[in-house]
Each structure stands twice: as C-alpha cells, then as structure tokens.
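Text of the file entry03.cif, holding mmCIF, C-alpha atoms and all ligand atoms:
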```cif
data_structure
#
loop_
_atom_site.label_atom_id
_atom_site.label_comp_id
_atom_site.auth_asym_id
_atom_site.auth_seq_id
_atom_site.Cartn_x
_atom_site.Cartn_y
_atom_site.Cartn_z
CA MET A 43 17.00 -26.68 -70.51
CA ARG A 44 14.04 -28.65 -69.33
CA ARG A 45 12.17 -25.52 -68.42
CA ASN A 46 12.93 -23.89 -71.76
CA ALA A 47 11.65 -27.02 -73.43
CA LEU A 48 8.45 -26.67 -71.43
CA LEU A 49 7.97 -23.12 -72.59
CA SER A 50 8.34 -24.33 -76.14
CA ALA A 51 5.77 -27.01 -75.45
CA LEU A 52 3.37 -24.33 -74.38
CA ALA A 53 3.81 -22.44 -77.58
CA VAL A 54 2.91 -25.60 -79.46
CA ALA A 55 0.07 -26.40 -77.08
CA THR A 56 -1.31 -22.93 -77.58
CA SER A 57 -1.34 -23.34 -81.30
CA LEU A 58 -3.00 -26.73 -80.82
CA SER A 59 -5.79 -25.24 -78.78
CA CYS A 60 -6.16 -22.39 -81.25
CA ILE A 61 -6.84 -24.78 -84.08
CA GLY A 62 -8.72 -27.34 -81.99
CA GLY A 63 -11.87 -28.47 -83.71
CA ALA A 64 -11.71 -25.82 -86.41
CA ALA A 65 -9.09 -27.49 -88.58
CA ALA A 66 -10.54 -29.35 -91.53
CA LYS A 67 -7.21 -30.99 -92.37
CA PRO A 68 -5.02 -33.04 -90.06
CA LEU A 69 -2.09 -31.14 -88.62
CA ALA A 70 1.39 -32.61 -88.29
CA PHE A 71 3.94 -31.06 -85.95
CA THR A 72 7.34 -32.20 -87.14
CA GLY A 73 10.88 -31.93 -85.88
CA ILE A 74 9.66 -31.78 -82.29
CA ARG A 75 11.04 -33.39 -79.19
CA LEU A 76 8.36 -35.71 -77.82
CA ILE A 77 7.99 -36.75 -74.19
CA ASP A 78 5.33 -39.42 -74.48
CA GLY A 79 5.39 -40.81 -70.96
CA LEU A 80 6.29 -44.24 -72.33
CA SER A 81 9.89 -43.93 -73.49
CA ALA A 82 12.75 -43.63 -71.02
CA GLU A 83 14.20 -40.76 -73.03
CA PRO A 84 12.48 -37.98 -74.97
CA VAL A 85 12.06 -38.85 -78.64
CA ALA A 86 14.17 -36.49 -80.71
CA ASP A 87 12.97 -35.41 -84.16
CA ALA A 88 9.46 -36.69 -83.57
CA VAL A 89 6.16 -36.13 -85.33
CA LEU A 90 2.77 -35.63 -83.75
CA VAL A 91 -0.40 -35.69 -85.83
CA VAL A 92 -3.63 -34.01 -84.73
CA ASP A 93 -6.96 -34.69 -86.40
CA GLY A 94 -9.76 -32.48 -85.12
CA ASP A 95 -9.38 -32.43 -81.35
CA ARG A 96 -7.47 -35.73 -81.16
CA ILE A 97 -3.85 -36.76 -81.31
CA VAL A 98 -3.96 -39.63 -83.80
CA ALA A 99 -0.25 -40.48 -84.07
CA ALA A 100 2.99 -39.59 -82.34
CA GLY A 101 6.50 -40.98 -82.46
CA PRO A 102 9.85 -40.89 -84.25
CA ARG A 103 9.68 -39.23 -87.69
CA MET A 104 10.44 -42.49 -89.50
CA ALA A 105 7.70 -44.37 -87.61
CA VAL A 106 4.78 -41.99 -88.13
CA ALA A 107 2.83 -41.93 -91.37
CA VAL A 108 1.80 -38.33 -91.93
CA PRO A 109 -1.50 -38.13 -93.84
CA SER A 110 -0.94 -36.81 -97.36
CA ASP A 111 -3.42 -33.97 -96.84
CA ALA A 112 -1.93 -32.89 -93.51
CA GLU A 113 -0.78 -29.36 -92.94
CA ILE A 114 2.85 -29.58 -91.84
CA ARG A 115 4.19 -27.36 -89.09
CA GLU A 116 7.93 -27.82 -88.67
CA ARG A 117 8.75 -26.97 -85.03
CA PRO A 118 12.40 -27.75 -84.29
CA GLY A 119 13.42 -26.85 -80.75
CA HIS A 120 9.90 -27.34 -79.41
CA THR A 121 8.78 -30.07 -77.04
CA ILE A 122 5.37 -31.68 -76.72
CA MET A 123 4.52 -33.57 -73.55
CA PRO A 124 1.45 -34.64 -71.60
CA GLY A 125 -0.01 -32.09 -69.20
CA LEU A 126 1.44 -32.29 -65.70
CA ILE A 127 -0.71 -33.04 -62.66
CA SER A 128 -0.04 -31.37 -59.32
CA ASP A 129 -1.40 -33.70 -56.66
CA HIS A 130 -0.69 -31.35 -53.74
CA SER A 131 -1.27 -27.68 -54.34
CA HIS A 132 -3.22 -24.93 -52.66
CA VAL A 133 -5.02 -22.10 -54.42
CA GLY A 134 -6.01 -18.65 -53.22
CA ILE A 135 -3.73 -18.64 -50.18
CA VAL A 136 -0.96 -16.33 -51.38
CA ARG A 137 -0.74 -13.29 -53.60
CA GLY A 138 2.85 -12.15 -54.14
CA VAL A 139 4.41 -12.02 -50.67
CA ASP A 140 1.04 -11.78 -48.95
CA ILE A 141 -0.69 -14.69 -47.23
CA GLY A 142 -4.24 -14.50 -45.94
CA ALA A 143 -7.92 -15.28 -46.27
CA TRP A 144 -8.49 -12.12 -48.32
CA ASN A 145 -6.53 -13.74 -51.16
CA TYR A 146 -9.15 -16.48 -51.55
CA THR A 147 -10.96 -14.74 -54.40
CA ARG A 148 -12.20 -15.97 -57.72
CA GLU A 149 -9.90 -13.56 -59.55
CA ASN A 150 -6.78 -14.71 -57.66
CA ILE A 151 -7.61 -18.40 -58.06
CA LEU A 152 -8.25 -18.07 -61.79
CA ALA A 153 -4.95 -16.17 -62.18
CA GLN A 154 -3.18 -19.04 -60.41
CA LEU A 155 -4.81 -21.66 -62.63
CA GLU A 156 -3.66 -19.63 -65.62
CA ALA A 157 -0.10 -19.48 -64.25
CA TYR A 158 -0.06 -23.26 -63.75
CA THR A 159 -1.37 -23.85 -67.26
CA ALA A 160 1.25 -21.56 -68.77
CA ARG A 161 3.90 -23.84 -67.23
CA GLY A 162 2.45 -27.11 -68.42
CA VAL A 163 0.43 -28.08 -65.33
CA THR A 164 -3.05 -28.93 -66.54
CA THR A 165 -4.63 -30.48 -63.44
CA ILE A 166 -4.50 -29.12 -59.89
CA MET A 167 -5.50 -30.82 -56.66
CA ALA A 168 -6.09 -28.08 -54.09
CA LEU A 169 -5.50 -30.09 -50.94
CA GLY A 170 -7.53 -28.18 -48.38
CA LEU A 171 -7.92 -24.62 -47.02
CA ASN A 172 -10.61 -23.94 -49.60
CA GLY A 173 -13.37 -21.41 -49.06
CA ALA A 174 -17.02 -21.40 -50.05
CA ILE A 175 -16.41 -20.46 -53.71
CA MET A 176 -14.35 -23.62 -54.33
CA PRO A 177 -17.19 -25.91 -55.56
CA GLU A 178 -18.39 -23.33 -58.07
CA ILE A 179 -14.93 -22.79 -59.58
CA ARG A 180 -14.21 -26.53 -59.62
CA ASN A 181 -17.47 -27.27 -61.41
CA GLU A 182 -16.76 -24.59 -64.01
CA ALA A 183 -13.27 -25.99 -64.51
CA HIS A 184 -14.63 -29.52 -64.95
CA ALA A 185 -17.19 -28.23 -67.45
CA GLY A 186 -14.46 -26.53 -69.50
CA LEU A 187 -15.85 -23.07 -68.79
CA ILE A 188 -12.44 -21.99 -67.45
CA PRO A 189 -9.79 -22.17 -70.17
CA ASP A 190 -7.00 -23.15 -67.79
CA ALA A 191 -6.00 -26.04 -65.55
CA ASP A 192 -8.72 -28.34 -64.30
CA LEU A 193 -9.31 -28.06 -60.56
CA PHE A 194 -10.05 -30.70 -57.97
CA GLY A 195 -10.14 -30.04 -54.29
CA VAL A 196 -10.46 -30.97 -50.70
CA ASP A 197 -13.07 -28.63 -49.25
CA ARG A 198 -11.72 -27.10 -46.02
CA GLY A 199 -9.73 -29.93 -44.55
CA ILE A 200 -9.40 -30.90 -40.91
CA GLY A 201 -6.90 -29.33 -38.55
CA VAL A 202 -6.49 -29.10 -34.78
CA PRO A 203 -7.74 -26.43 -32.30
CA ASP A 204 -4.70 -24.22 -31.59
CA GLY A 205 -2.66 -26.73 -33.59
CA GLY A 206 -1.79 -27.60 -37.15
CA PRO A 207 -1.86 -26.08 -39.59
CA PRO A 208 -0.74 -23.05 -37.53
CA GLN A 209 -3.10 -20.15 -38.08
CA ALA A 210 -0.07 -17.81 -38.00
CA MET A 211 1.17 -19.66 -41.09
CA VAL A 212 -1.97 -20.16 -43.19
CA ARG A 213 -4.04 -17.14 -41.98
CA VAL A 214 -7.26 -18.68 -43.29
CA SER A 215 -10.78 -17.64 -42.36
CA PRO A 216 -13.00 -19.99 -40.32
CA ASP A 217 -14.79 -21.08 -43.50
CA GLN A 218 -11.53 -22.49 -44.91
CA LEU A 219 -10.65 -25.01 -42.19
CA PHE A 220 -12.30 -27.26 -39.60
CA ARG A 221 -10.60 -27.65 -36.23
CA PRO A 222 -12.69 -30.33 -34.47
CA ALA A 223 -12.22 -30.68 -30.71
CA ASN A 224 -13.19 -34.35 -30.61
CA ALA A 225 -14.09 -37.40 -32.68
CA ASP A 226 -17.77 -36.45 -33.07
CA GLU A 227 -16.90 -33.01 -34.35
CA GLY A 228 -14.44 -34.68 -36.71
CA ARG A 229 -17.21 -36.84 -38.15
CA ASP A 230 -19.47 -33.78 -38.50
CA ALA A 231 -16.72 -32.00 -40.42
CA VAL A 232 -16.35 -34.90 -42.85
CA ARG A 233 -20.11 -34.98 -43.44
CA ALA A 234 -20.18 -31.23 -44.10
CA MET A 235 -17.35 -31.60 -46.62
CA LYS A 236 -19.14 -34.49 -48.30
CA ALA A 237 -22.33 -32.43 -48.55
CA ARG A 238 -20.41 -29.76 -50.46
CA GLY A 239 -19.00 -32.32 -52.88
CA THR A 240 -15.41 -32.52 -51.69
CA ASP A 241 -13.15 -34.74 -53.80
CA MET A 242 -11.21 -36.01 -50.77
CA VAL A 243 -10.63 -35.37 -47.09
CA LYS A 244 -7.39 -33.88 -45.77
CA LEU A 245 -6.17 -33.89 -42.19
CA TRP A 246 -3.11 -32.43 -40.51
CA LEU A 247 -1.01 -34.58 -38.16
CA ASP A 248 2.04 -32.48 -37.33
CA ASP A 249 3.24 -30.10 -34.61
CA PHE A 250 5.17 -28.03 -37.16
CA GLY A 251 8.54 -28.38 -35.50
CA GLY A 252 7.04 -27.95 -32.03
CA SER A 253 5.55 -24.57 -32.93
CA VAL A 254 2.03 -25.66 -31.94
CA PRO A 255 1.14 -27.29 -28.61
CA ALA A 256 -0.68 -30.39 -29.84
CA LYS A 257 -1.02 -32.84 -32.70
CA MET A 258 -4.36 -34.30 -33.75
CA GLN A 259 -5.48 -36.96 -31.28
CA PRO A 260 -5.59 -40.55 -32.57
CA SER A 261 -9.29 -40.74 -31.64
CA VAL A 262 -10.00 -37.76 -33.91
CA TYR A 263 -8.09 -38.94 -36.97
CA ALA A 264 -9.45 -42.46 -36.55
CA ALA A 265 -13.00 -41.05 -36.57
CA VAL A 266 -12.28 -38.76 -39.52
CA ILE A 267 -10.84 -41.61 -41.58
CA ASP A 268 -13.66 -43.96 -40.64
CA GLU A 269 -16.36 -41.44 -41.50
CA ALA A 270 -14.68 -40.51 -44.77
CA HIS A 271 -14.42 -44.13 -45.86
CA ARG A 272 -18.03 -44.72 -44.82
CA LEU A 273 -18.98 -41.90 -47.22
CA GLY A 274 -16.73 -43.16 -50.02
CA LEU A 275 -14.05 -40.48 -49.61
CA ARG A 276 -10.30 -41.03 -49.52
CA VAL A 277 -8.16 -39.33 -46.89
CA ALA A 278 -4.88 -37.50 -47.43
CA ALA A 279 -2.79 -36.82 -44.33
CA HIS A 280 -0.32 -34.01 -43.90
CA VAL A 281 2.58 -35.53 -41.98
CA HIS A 282 6.21 -34.68 -41.32
CA ASP A 283 7.45 -37.39 -38.93
CA LEU A 284 7.88 -41.11 -39.50
CA GLU A 285 5.90 -42.20 -36.44
CA ASP A 286 2.93 -40.01 -37.39
CA ALA A 287 3.02 -41.36 -40.93
CA ARG A 288 3.09 -44.91 -39.61
CA ALA A 289 0.21 -44.27 -37.22
CA VAL A 290 -2.04 -42.58 -39.74
CA VAL A 291 -1.46 -45.24 -42.40
CA ARG A 292 -2.27 -47.92 -39.85
CA ALA A 293 -5.46 -45.97 -39.10
CA GLY A 294 -6.36 -46.20 -42.80
CA ALA A 295 -5.20 -42.94 -44.41
CA ASP A 296 -5.04 -43.44 -48.19
CA VAL A 297 -2.51 -40.76 -49.07
CA LEU A 298 0.56 -39.36 -47.32
CA ALA A 299 0.47 -35.77 -48.52
CA HIS A 300 4.13 -35.10 -47.67
CA GLY A 301 7.31 -37.11 -47.55
CA VAL A 302 8.72 -38.38 -44.26
CA ARG A 303 11.27 -35.76 -43.27
CA ASP A 304 12.46 -36.35 -39.69
CA LYS A 305 14.32 -39.66 -40.03
CA PRO A 306 15.05 -42.47 -42.47
CA VAL A 307 12.14 -44.74 -43.31
CA ASP A 308 12.62 -48.34 -42.17
CA PRO A 309 11.75 -51.68 -43.81
CA ASP A 310 8.61 -52.03 -41.67
CA PHE A 311 7.34 -48.71 -42.98
CA VAL A 312 8.05 -49.70 -46.57
CA ALA A 313 6.13 -52.93 -45.99
CA LEU A 314 3.26 -51.01 -44.40
CA LEU A 315 2.88 -48.68 -47.40
CA LYS A 316 2.97 -51.64 -49.77
CA ALA A 317 0.40 -53.57 -47.74
CA HIS A 318 -1.95 -50.56 -47.67
CA ASP A 319 -1.25 -49.39 -51.24
CA THR A 320 -0.61 -45.95 -49.80
CA TRP A 321 -0.18 -43.05 -52.21
CA TYR A 322 2.91 -40.99 -51.33
CA ILE A 323 3.37 -37.35 -52.29
CA ALA A 324 6.89 -36.25 -51.42
CA THR A 325 6.38 -32.45 -51.90
CA LEU A 326 10.13 -31.95 -52.35
CA ALA A 327 9.54 -28.40 -53.55
CA LEU A 328 8.02 -27.37 -50.23
CA ASP A 329 11.31 -27.35 -48.32
CA GLU A 330 13.35 -26.47 -51.38
CA ALA A 331 11.34 -23.29 -51.84
CA THR A 332 12.31 -22.17 -48.34
CA PHE A 333 15.93 -21.64 -49.35
CA ALA A 334 16.26 -22.05 -53.11
CA TYR A 335 15.38 -18.49 -54.06
CA ALA A 336 17.90 -17.16 -51.53
CA ASP A 337 20.55 -19.36 -53.16
CA ALA A 338 19.52 -17.80 -56.50
CA PRO A 339 20.38 -20.77 -58.71
CA ALA A 340 20.39 -20.42 -62.50
CA TRP A 341 16.94 -21.96 -62.88
CA ALA A 342 15.44 -19.24 -60.70
CA GLN A 343 16.62 -16.67 -63.26
CA THR A 344 14.89 -18.31 -66.23
CA PRO A 345 11.86 -16.65 -67.84
CA PHE A 346 9.91 -19.78 -66.90
CA VAL A 347 10.24 -18.79 -63.23
CA ARG A 348 10.65 -15.02 -63.47
CA THR A 349 7.41 -14.49 -65.40
CA ALA A 350 5.51 -16.34 -62.66
CA LEU A 351 6.58 -13.94 -59.89
CA ALA A 352 4.51 -11.00 -58.71
CA PRO A 353 6.55 -7.76 -58.56
CA ASP A 354 6.78 -7.75 -54.75
CA LEU A 355 7.92 -11.37 -54.67
CA LYS A 356 10.47 -10.71 -57.40
CA ALA A 357 11.80 -7.75 -55.43
CA ARG A 358 12.16 -9.90 -52.31
CA PHE A 359 14.01 -12.66 -54.15
CA ASP A 360 16.35 -10.08 -55.71
CA ASP A 361 17.13 -8.32 -52.43
CA PRO A 362 20.72 -9.23 -51.35
CA ALA A 363 19.89 -8.60 -47.67
CA TRP A 364 16.89 -10.94 -47.85
CA GLN A 365 19.01 -13.56 -49.61
CA ARG A 366 21.76 -13.29 -46.98
CA ASP A 367 19.38 -13.39 -43.99
CA THR A 368 17.43 -16.28 -45.45
CA ARG A 369 20.53 -18.34 -46.18
CA ALA A 370 21.74 -17.77 -42.60
CA SER A 371 18.38 -18.59 -40.97
CA ALA A 372 17.70 -21.64 -38.83
CA LYS A 373 14.57 -22.17 -40.91
CA ALA A 374 16.62 -22.52 -44.09
CA GLN A 375 19.01 -24.97 -42.48
CA ALA A 376 16.09 -27.03 -41.17
CA ALA A 377 14.59 -27.03 -44.67
CA ARG A 378 17.88 -28.21 -46.21
CA ASP A 379 18.04 -31.08 -43.71
CA SER A 380 14.39 -31.88 -44.26
CA LEU A 381 14.84 -31.98 -48.04
CA ALA A 382 17.88 -34.24 -47.78
CA THR A 383 15.96 -36.70 -45.60
CA ASN A 384 12.92 -36.48 -47.88
CA LEU A 385 15.04 -37.22 -50.97
CA ALA A 386 16.75 -40.19 -49.36
CA ASN A 387 13.42 -41.58 -48.15
CA LEU A 388 11.78 -41.12 -51.54
CA LYS A 389 14.62 -43.02 -53.18
CA ARG A 390 14.37 -45.81 -50.63
CA LEU A 391 10.61 -46.07 -51.01
ZN ZN B 401 -1.03 -28.97 -48.20
#
```
Reformat the file's structure so that it appears as structure tokens.
Amino acid sequence: MRRNALLSALAVATSLSCIGGAAAKPLAFTGIRLIDGLSAEPVADAVLVVDGDRIVAAGPRMAVAVPSDAEIRERPGHTIMPGLISDHSHVGIVRGVDIGAWNYTRENILAQLEAYTARGVTTIMALGLNGAIMPEIRNEAHAGLIPDADLFGVDRGIGVPDGGPPQAMVRVSPDQLFRPANADEGRDAVRAMKARGTDMVKLWLDDFGGSVPAKMQPSVYAAVIDEAHRLGLRVAAHVHDLEDARAVVRAGADVLAHGVRDKPVDPDFVALLKAHDTWYIATLALDEATFAYADAPAWAQTPFVRTALAPDLKARFDDPAWQRDTRASAKAQAARDSLATNLANLKRL
C-alpha cells in the first residue's frame, strides 16, 4: 500500500514539475493523502496549493483556503510527501547482477539517480567508492543540470590494505578507494579527498565476518579522523561490531554508517552516542536485501520494485533454484540474524 501510494505521489510530483514556473494561476491538488512530516498520521482528504514554484498551503481540506482563481486538480488516491533522503547509498557500483569498476560510468550513475527519483528519493549520499567523475556529476546535480535526485558524496573513502572493504566484494578500481598502510598515508588520503571537494570522509572498520585478515589500525583511523576534522570534514565509519563502533566513536567519528549487528548495544554505548551526538544510520535494508528477494514477499512483486530491476536481476530473483539456494545459504542465515540484532539495537537506541 505504502509503495503504491508513493507511485501515486510521483505521478503528482511529475505534474508539479511539468507546470513548475509556467503556471500563471495557483494550482490546488485536492482529495490527496498528505504526508507532511509533521503529523503522526497521513492527512486524508488533504489539499495542497502551489503558486509558481512554491507550495503555499497544505493541510486538511477544511483548513486550507484555496485561492478563488486556482486551477483545481482533484487527485483522490494520490499521495504527496516530501522527497526522501538516502544517507547511505553507493552509485555506479552495480549494473543488474554485475559488480565492478566498469560500472562507474556517467550513464549508469545518471540512470541510478533517475531510478531513485522515480521512487521518491530526491537526495542521495554516495558514501564512498566514487571515481574521478564524481565531482563533475555532483556539481551538475547541485546546479540543477541533472533533472533527477541531488547527489552528495564521499570521494573514494578509506579502506585497509588487503582488508575492508574486500576487493572481491566491491571490485573497485584503484581510483575509487584509498587503502593507506599507516597514519601518514591516511592523512594524505584525507587531504586528497578534501582537494577534490569531498562532502565527508568515510572509513571502513570491519573484518567482514573474518573474511579479511585485518581491520583498520586504531592509529590509522585516529589520524584520518583528526585530519578530517582539522580540514572541517565529518567522518562516517562503516562498522558492524559493537566494540568497533565504540572505539571509533571515542576516536571522534561523527557518523556510524551502519547499525551495530553483532550483539546488543549496552547503556554505556547509548550514553556514548548521546555524549558525542553521533549520527546513526542503521542500513536495515543491507542485510534484508541478502535474503528478502529469495523469500519473494508480496512487496517484491509490486511494480514499484519490479520496474526498478534490470532484466538479468529480475531473472535471478525469479529463478526457483536461486531462491532455494539463497534461502538455504549460511550467508542468508547470518543476514537474518544480523537484521534481527540491528532492529533490536535501533529500537533500543
Ligand atoms: Zn557503504
């Protein structure tokens, strides 16, 4: 239902952008469901009035005075809501079922921004693994030269030699990721990112379930965080485990880019995040996506999802053998456990 409502919102949003600026008369969308970000529940039978390129009134039908010269567009069954912000995405990494540096192209990134926009996501934070064309696309997006979602980004981000993020997983080219061997190289990496106009710094502190031999050394992440703060940049840390999250927040990281997924958070950790005002991005969908398509729930069959899938990805998700093998895999079970822990921790936090 929610996803269908979103699709309806897009239809309305599209007509808004089509008339933006050109309309001489105010426009009133009536009979809509309004999610205004203020009310606990969506406002049923609402009215939203647009004058030029501005929303000038929105609320329950009885509470909104529609200008007498307004053009009325009755839109029952449609929803209007603020644009969604994704604070932890990546762009240009995948194309269908394929992952690799060759997907980091302008064409693929623009297609992804379009796909986000078509589903109500109007701002994207690409949190690392970005190649050399990132600044150019971001600047065009900021300037409104790209009609789709606005784009912010961490430049390359800072990983670990032979460590996280595993190259076998991300398959990026050397110009998409720093892997400093020591604190000085970590500082150099931050300065290089700053010089290219990065919006933030990202670092990886995780051994990916023991699949890589080493996590980032405390001396390296301490130097990275210190250098970033010296240059006025905030730092987002990829973490999985509670003790890593605790350590990196103590070292000054501003954002935890994933939820804690190995064990329950404790009161000391809650107090630490409060004391540091740490931003927490749970990324629930990350683990859910590992098994959800194999479970084939009803939402995965909606046009909202199906129209977003490349043909090869759709074929994989529809393959009964793939579904069966995925459901039975250790990876899927680990992801289910991880999601359950993440959910419980998010609620506690
Ligand atoms: Zn990430």
Nearby polymer residues, ligand ZN 401 (chain B), at most 8 Å, only C-alpha atoms and all ligand atoms, as a list in words
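Protein and nucleic-acid residues within 8 Å of ligand ZN 401 (chain B): His130, Ser131, His132, Ala168, Leu169, Gly170, His280 and Ala299 of chain A.
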Skipping near chain neighbours, those fewer than 6 positions away, what residues fall within 12 Å of A:Ala372 using all atoms listed in the file, listed as a PDB file with C-alpha atoms, in the frame of the given file?
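So result24.pdb came out as:
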```
ATOM      1  CA  GLY A 251       8.540 -28.380 -35.500  1.00  0.00           C
ATOM      2  CA  THR A 332      12.310 -22.170 -48.340  1.00  0.00           C
ATOM      3  CA  PHE A 333      15.930 -21.640 -49.350  1.00  0.00           C
ATOM      4  CA  ARG A 378      17.880 -28.210 -46.210  1.00  0.00           C
ATOM      5  CA  ASP A 379      18.040 -31.080 -43.710  1.00  0.00           C
TER       6      ASP A 379
END
```
Could you list, as a ChimeraX atom specification, every residue within 6 Å of stretch 208-218 of chain A, counting all atoms listed in the file and ignoring same-chain residues fewer than 6 positions away?
/A:142-143,171-173,198
Take the point (0.9, -51.0, -36.6) in the file's coordinates, draw a sphere of radius 10 Å around it, and report as a PyMOL selection string every protein, DNA or RNA residue with an atom inside or on it, counting only C-alpha atoms.
chain A and resi 288-293+310-311+314
For the residues in the current selection, export C-alpha atoms as a PDB file, keeping the file's coordinate frame.
```pdb
ATOM      1  CA  ARG A 288       3.090 -44.910 -39.610  1.00  0.00           C
ATOM      2  CA  ALA A 289       0.210 -44.270 -37.220  1.00  0.00           C
ATOM      3  CA  VAL A 290      -2.040 -42.580 -39.740  1.00  0.00           C
ATOM      4  CA  VAL A 291      -1.460 -45.240 -42.400  1.00  0.00           C
ATOM      5  CA  ARG A 292      -2.270 -47.920 -39.850  1.00  0.00           C
ATOM      6  CA  ALA A 293      -5.460 -45.970 -39.100  1.00  0.00           C
ATOM      7  CA  ASP A 310       8.610 -52.030 -41.670  1.00  0.00           C
ATOM      8  CA  PHE A 311       7.340 -48.710 -42.980  1.00  0.00           C
ATOM      9  CA  LEU A 314       3.260 -51.010 -44.400  1.00  0.00           C
TER      10      LEU A 314
END
```
How many Å separate atom CA of A:Thr240 from atom CA of A:Phe220?
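It comes out at 13.5 Å.
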For the atom pair atom CA of A:Met104 and atom CA of A:Pro124, what is the interatomic distance in Å to one decimal place?
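Computing the Euclidean distance for atom CA of A:Met104 and atom CA of A:Pro124 yields 21.5 Å.
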Using only C-alpha atoms, can you tell me which of A:Gly206, A:Pro306, A:Gly228, A:Gly201 comes closest to A:Ala386?
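Smallest distance to A:Ala386 is found for A:Pro306.
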Find the distance between atom CA of A:Val196 and atom CA of A:Ala223 and write it in Å to one decimal.
20.1 Å
I need the residue nearest A:Lys257 from this list: A:Asp286, A:Tyr158, A:Gly134, A:Leu275. Use only C-alpha atoms for the distance.
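Comparing A:Asp286, A:Tyr158, A:Gly134, A:Leu275 against A:Lys257, the winner is A:Asp286.
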For A:Leu245, find every residue with an atom within 8 Å (counting only C-alpha atoms), except residues of its own chain fewer than 3 positions away, and show them as number ranges by chain.
A: 199-201, 263, 277-280
Exercise: stretch 99-102 of chain A partners within 12 Å, only C-alpha atoms, chain neighbours under 5 positions left out, as number ranges by chain:
A: 68-81, 84-93, 107-109, 122-124
Between A:Met167, A:Ala234, A:Val281, A:Ile267, single out the one closest to A:Asp248, counting only C-alpha atoms.
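Nearest to A:Asp248: A:Val281.
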Would you give me, as a Markdown table, each residue of stretch 312-353 of chain A having an atom within 9 Å of an atom of stretch 357-365 of chain A, along with its shortest atom pair and that distance in Å to one decimal, using only C-alpha atoms and sorting by chain and residue number?
```
| residue | atom | partner | partner_atom | distance |
| --- | --- | --- | --- | --- |
| A:Phe333 | CA | A:Gln365 | CA | 8.7 |
| A:Tyr335 | CA | A:Phe359 | CA | 6.0 |
| A:Ala336 | CA | A:Gln365 | CA | 4.2 |
| A:Asp337 | CA | A:Gln365 | CA | 7.0 |
| A:Ala338 | CA | A:Phe359 | CA | 7.9 |
| A:Ala352 | CA | A:Ala357 | CA | 8.6 |
| A:Pro353 | CA | A:Ala357 | CA | 6.1 |
```
Since we have the selection now, will you write its residues out, keeping C-alpha atoms, as a PDB file, in the frame of the given file?
```pdb
ATOM      1  CA  PHE A 333      15.930 -21.640 -49.350  1.00  0.00           C
ATOM      2  CA  TYR A 335      15.380 -18.490 -54.060  1.00  0.00           C
ATOM      3  CA  ALA A 336      17.900 -17.160 -51.530  1.00  0.00           C
ATOM      4  CA  ASP A 337      20.550 -19.360 -53.160  1.00  0.00           C
ATOM      5  CA  ALA A 338      19.520 -17.800 -56.500  1.00  0.00           C
ATOM      6  CA  ALA A 352       4.510 -11.000 -58.710  1.00  0.00           C
ATOM      7  CA  PRO A 353       6.550  -7.760 -58.560  1.00  0.00           C
TER       8      PRO A 353
END
```
What's around A:Leu351 at 12 Å? Count all atoms listed in the file, leave out sequence neighbours fewer than 2 positions away in its own chain, and write the answer as a ChimeraX atom specification.
/A:136-139,153-154,157,335,342-349,353-360
Padding of 5 Å on every side, edges along x, y and z, all listed atoms of stretch 125-132 of chain A included: what centre and edge lengths in Å, to one decimal, does that box have, as JSON?
```
{"center_x": -0.9, "center_y": -29.3, "center_z": -60.9, "size_x": 14.7, "size_y": 18.8, "size_z": 26.5}
```
Return the single residue from A:Ala160, A:Leu388, A:Leu126, A:Ala82 that is closest to A:Leu326, with distances computed using only C-alpha atoms.
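Checking each candidate against A:Leu326, we get A:Leu388 as the closest.
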Residue nearest A:Trp246 among A:Phe194, A:Glu269, A:Tyr146, A:His300 (counting all atoms listed in the file)
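Distance minimum relative to A:Trp246 lands on A:His300.
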